[in-house]
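Here the structure is laid out as structure tokens; the discussion comes afterwards.
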Amino acid sequence: MKEKVLQVVELVKTYTGLRPVHAVRGISFDVMKGEIFGLLGPNGAGKTTTVGIATTRVVPTSGTVLVDSVNAISDPQNAKMRMGVVTQFNTLDRSLNVRENLYYHCRYFGYSSKEAKARADELLELFQLTDKVKSKPIDLSGGLAQRVQLARAIAHYPKLLFLDEPTAGLDPQSRLALWEVVKVLQEQGVTVILTTHYMEEADVLCDRVAIVDHGKILKVDTPENLKKSLGASTFLDLKFVETTTDDLSKIEAMDEVLEIEQLTDRVRISLKDSDSVAIVIQKAVTMGLKDVSIIEPTLESVFIKLTGRELRD
Amino acid sequence: MTDQDFVNSGVDSTLTKPSNLDQQGSAPSFRTALNGTTISYKVSSGRTFYGLMARDLRVLSKNLGEFASRTAMQPFLFVFVFAYLFPKIGQGFSGSVGRNISFATILVPGLVGVAATMSGIMAVGLPLAIDLGVTKEIEDRAMAPVPVWLIGLEKIVFGAIQSLISALIVFPLVILIPSTPVQVHVANWPLLILVIFLACLISGAFGLTLGSMVQPVKIGLMFSLLVLPLTMLGCIYYPWSSLSSVRWLQIAVLINPMVYVSEGLRDVLTPALPHMAVWAFLMALMITAAVLLFAGLKLFTRRVMS
């Protein structure tokens with residue numbers, strides 16, 4: 001049995017007021033040691049509030065959060081000791097340079113001056129920031145700033161790392177680089193909670209994904225299983241020289257085909273499994289096939305199927 | 001789901017295989033973050049508090065020149081024009097408070113007091129308002145393993161330290177620059193220390209309260225509506241007792257905490273001047289400190305938590 005690093009139990013948060021907002025209505029999930037766990041959902045779904053409660057910044061209406069078996073609600077001090085946080089905003093201390101940002105972070109976590117210096121230098125080395133030691137946070141590119149934030153977040157060896165939309169606004173290069181770092185951290189045994197509205201980010205990074213909407217978890221599973229749950233493993237988009245109803249019904253009648261949908265200029269076919277691509281294409285060639293594209297289902301399609309709408313992010 | 005959405009949702013296969021990264025985006029090949037060592041997660045609020053203080057002192061030391069000139073400029077010009085220049089050119093205030101005491105003497109406690117008090121607003125309040133409202137730089141400190149109120153308390157203590165430094169910068173200016181005699185005499189050192197301690201505490205707590213309350217866009221308004229009246233009606237340029245000829249004002253200014261700082265310092269630094277009773281300003285200073293301390297910590301915690 002794997003160690004549970006985060007346990008969220010029956011979390012409820014209602015913001016009182018003239019019009020009460022039910023931000024979180026009964027969310028429960030566990031995150032295992034070494035896992036990258038994704039929280040995927042539109043704005044206002046409750047993922048930020050959930051992370052806010054887990055990071056001791058929001059007081060829940062009811063429910064419990066255990067971080068490495070420490071109750072984050074009744075003992076936030078000990079819980080904070082065990083977690084690191086990276087937000088989508090650059091929250092680096094602008095009055096300090098890169099090295100000082102790391103150094104003082106360590107000091108906040110009780111390191112002596114000597115220990116903090118050693119740790120800061122080690123992190124600069126590890127995160128390839130040695131040429132940015134004296135740089136001011138405002139002079140860093142988005143990707144570099146996020147790398148410094150990541151280095152800072154793990155400086156005190158947290159068991160649990162919260163990444164709140166960490167690649168929002170980054171260019172593709174920097175995003176890939178950050179993903180790499182996160183993967184490496186996972187290999188080192190760091191457990192990661194990732195909130196994101198980038199589907200491919202959740203797909204590439206996460207071991208398991210929770211799809212959140214209206215303050216509830218709709219589904220928790222691996223990205224692969226979530227995609228399989230769509231009912232089709234692969235879609236084929238076919239373009240014909242001329243589309244006839246006769247041809248379409250022939251394709252629809254094939255054993256390998258699950259469903260068929262006629263779109264404006266092409267035909268979308270849901271396959272029962274990805275091995276049947278060749279068979280269907282062979283058949284289509286005889287009917288005057290002009291173009292073909294294969295589409296793997298994505299988390300976004302799962303998401304839209306589950307929530308019934310577009311991302312509002 | 002529209003057709004276009006579905007197509008757009010396709011994952012670009014290159015994204016899953018980050019292989020051709022440039023130098024800036026190269027994947028770090030670092031060995032370990034956790035090193036496999038056992039980490040002791042022992043909380044020490046004292047050490048964290050000390051770390052937060054060390055950070056603030058470091059930032060202050062970087063900007064010491066800026067801080068000193070900001071603190072010194074206003075009192076310097078004030079003393080220079082009104083206590084040096086005016087007597088020299090024969091223009092002056094007739095408002096002597098009897099006993100041949102110079103305007104320069106009146107200014108000593110007033111300007112020291114206002115420098116100390118405003119220092120908290122300038123050094124704690126303004127940066128904090130921007131921290132909380134715009135840059136969110138406070139985030140990292142908010143995640144430090146201490147109760148949130150302790151992070152606020154550190155700001156108050158730091159504000160108080162800056163307030164003390166401000167007072168020490170301004171004091172020699174107001175003594176040395178005037179062209180007329182300045183009568184400063186400290187008879188009661190413990191009382192002086194107590195008054196300065198309370199003034200500095202009020203300054204820090206005031207800074208935390210304002211910083212947690214004021215939206216960054218309203219800072220200009222805050223200066224016009226709060227800082228200016230506090231100063232002009234704070235018995236800085238005139239002793240409180242001399243307001244007896246405008247009785248309604250003498251009563252009205254009692255809601256201004258600045259009055260008690262000025263009057264307290266007037267008692268301990270320039271005892272020759274008429275001043276408010278010791279029990280009165282001490283009680284008022286203590287109540288003000290307690291209220292601002294409570295309000296500041298409460299508001300700060302509320303801003304950081306939700």
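Note on naming: chains are A, B, ... as they come in the structure tokens, residues start from 1 per chain, ligands start from 1 in the order shown.
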Interface, chain A side, toward chain B (6 Å; only C-alpha atoms) as a ChimeraX atom specification: /A:57-58,77,80-81,91-93,107-110,126,157,173-174,177,180,188
Find the residues of region 143-197 of chain B that sit at most 7 Å from region 113-120 of chain B; for each, write down the nearest two atoms and how far apart they are in Å, to one decimal. Count only C-alpha atoms. Sort by chain, then by number going up, and give it as a tab-separated table.
residue	atom	partner	partner_atom	distance
B:Gly159	CA	B:Gly120	CA	5.1
B:Ala160	CA	B:Gly120	CA	6.8
B:Gln162	CA	B:Ser119	CA	6.6
B:Ser163	CA	B:Ala116	CA	4.4
B:Leu164	CA	B:Ala116	CA	6.3
B:Ser166	CA	B:Ala116	CA	5.5
B:Ala167	CA	B:Ala116	CA	5.2
Selected residues written out with C-alpha atoms, as a compact mmCIF listing (two decimals), in the first residue's frame:
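This is the output file selection.txt:
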# COMPACT_ATOMS: atom_id res chain seq x y z
CA GLY B 159 8.14 49.28 10.92
CA ALA B 160 8.91 50.27 14.50
CA GLN B 162 12.50 52.08 10.83
CA SER B 163 10.45 54.53 12.80
CA LEU B 164 13.17 54.69 15.44
CA SER B 166 13.78 58.02 11.31
CA ALA B 167 13.54 59.72 14.69
Those in region 79-189 of chain B with helix (DSSP H, G or I) from DSSP, as JSON, numbers by chain: {"B": [79, 80, 81, 82, 83, 84, 85, 86, 87, 88, 89, 103, 104, 105, 106, 107, 108, 109, 110, 111, 112, 113, 114, 115, 116, 117, 118, 119, 120, 121, 122, 123, 124, 125, 126, 127, 128, 129, 130, 131, 132, 133, 134, 135, 138, 139, 140, 141, 142, 148, 149, 150, 151, 152, 153, 154, 155, 156, 157, 158, 159, 160, 161, 162, 163, 164, 165, 166, 167, 168, 169, 170, 171, 172, 173, 174, 175, 176, 189]}
Spatial neighbours of region 203-205 of chain A, max dist 8 Å, only C-alpha atoms, sep filter under 6 positions, as number ranges by chain: A: 36, 179, 183, 223, 298-299; B: 16
For Pro166 (chain A): contacts at 9 Å, only C-alpha atoms, fewer than 4 positions along chain excluded, given as an MDAnalysis selection string: chainID A and resid 86:89 146 170 175 178 194:196
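Between CA of Thr288 (chain B) and CA of Leu225 (chain B) the interatomic distance comes to 19.3 Å.
Neighbours of region 16-21 of chain A closer than or equal to 10 Å, with only C-alpha atoms counted and sequence neighbours fewer than 3 positions away skipped, come out as A:Lys13, A:Val24, A:Thr61.
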Which polymer residues have any atom within 7 Å of an atom of region 64-74 of chain A, counting only C-alpha atoms, with same-chain residues fewer than 3 positions away left out, as an mmCIF file with N, CA, C and O atoms, in the first residue's frame?
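File produced: selection_30.cif:
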data_model
loop_
_atom_site.group_PDB
_atom_site.id
_atom_site.type_symbol
_atom_site.label_atom_id
_atom_site.label_comp_id
_atom_site.auth_asym_id
_atom_site.auth_seq_id
_atom_site.Cartn_x
_atom_site.Cartn_y
_atom_site.Cartn_z
ATOM 1 N N LYS A 4 -0.065 7.736 1.528
ATOM 2 C CA LYS A 4 -0.897 8.843 1.055
ATOM 3 C C LYS A 4 -0.255 10.151 1.513
ATOM 4 O O LYS A 4 -0.126 10.393 2.713
ATOM 5 N N VAL A 5 0.117 10.990 0.567
ATOM 6 C CA VAL A 5 0.766 12.245 0.940
ATOM 7 C C VAL A 5 -0.267 13.362 1.125
ATOM 8 O O VAL A 5 -0.093 14.264 1.922
ATOM 9 N N LEU A 6 -1.351 13.234 0.401
ATOM 10 C CA LEU A 6 -2.433 14.217 0.579
ATOM 11 C C LEU A 6 -3.760 13.479 0.665
ATOM 12 O O LEU A 6 -4.055 12.615 -0.171
ATOM 13 N N GLN A 7 -4.510 13.799 1.692
ATOM 14 C CA GLN A 7 -5.852 13.236 1.805
ATOM 15 C C GLN A 7 -6.833 14.389 1.942
ATOM 16 O O GLN A 7 -6.739 15.192 2.885
ATOM 17 N N VAL A 8 -7.741 14.472 1.005
ATOM 18 C CA VAL A 8 -8.779 15.500 1.051
ATOM 19 C C VAL A 8 -10.087 14.778 1.339
ATOM 20 O O VAL A 8 -10.475 13.877 0.599
ATOM 21 N N VAL A 9 -10.713 15.150 2.459
ATOM 22 C CA VAL A 9 -11.891 14.416 2.893
ATOM 23 C C VAL A 9 -13.106 15.334 2.989
ATOM 24 O O VAL A 9 -13.116 16.281 3.783
ATOM 25 N N GLU A 10 -14.073 15.069 2.175
ATOM 26 C CA GLU A 10 -15.396 15.726 2.261
ATOM 27 C C GLU A 10 -15.282 17.244 2.410
ATOM 28 O O GLU A 10 -15.883 17.843 3.297
ATOM 29 N N LEU A 11 -14.515 17.847 1.551
ATOM 30 C CA LEU A 11 -14.256 19.279 1.653
ATOM 31 C C LEU A 11 -15.448 20.093 1.150
ATOM 32 O O LEU A 11 -15.969 19.837 0.063
ATOM 33 N N ALA A 54 -6.052 23.398 0.917
ATOM 34 C CA ALA A 54 -4.943 22.475 1.179
ATOM 35 C C ALA A 54 -3.661 23.220 1.529
ATOM 36 O O ALA A 54 -2.851 22.741 2.316
ATOM 37 N N THR A 56 -3.520 25.887 3.196
ATOM 38 C CA THR A 56 -3.828 26.596 4.457
ATOM 39 C C THR A 56 -4.220 28.059 4.272
ATOM 40 O O THR A 56 -4.246 28.806 5.234
ATOM 41 N N ASN A 78 2.616 23.204 10.803
ATOM 42 C CA ASN A 78 3.313 21.961 10.475
ATOM 43 C C ASN A 78 3.024 21.514 9.051
ATOM 44 O O ASN A 78 3.878 20.899 8.408
ATOM 45 N N ALA A 79 1.819 21.808 8.582
ATOM 46 C CA ALA A 79 1.468 21.426 7.216
ATOM 47 C C ALA A 79 2.287 22.240 6.213
ATOM 48 O O ALA A 79 2.807 21.704 5.229
#
Shell around region 189-191 of chain A at 7 Å using only C-alpha atoms, local window under 2 positions removed, as a ChimeraX atom specification: /A:33-36,159-161,185-187,193
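Here CA of Glu66 (chain B) is placed at a distance of 27.7 Å from CA of Cys235 (chain B).
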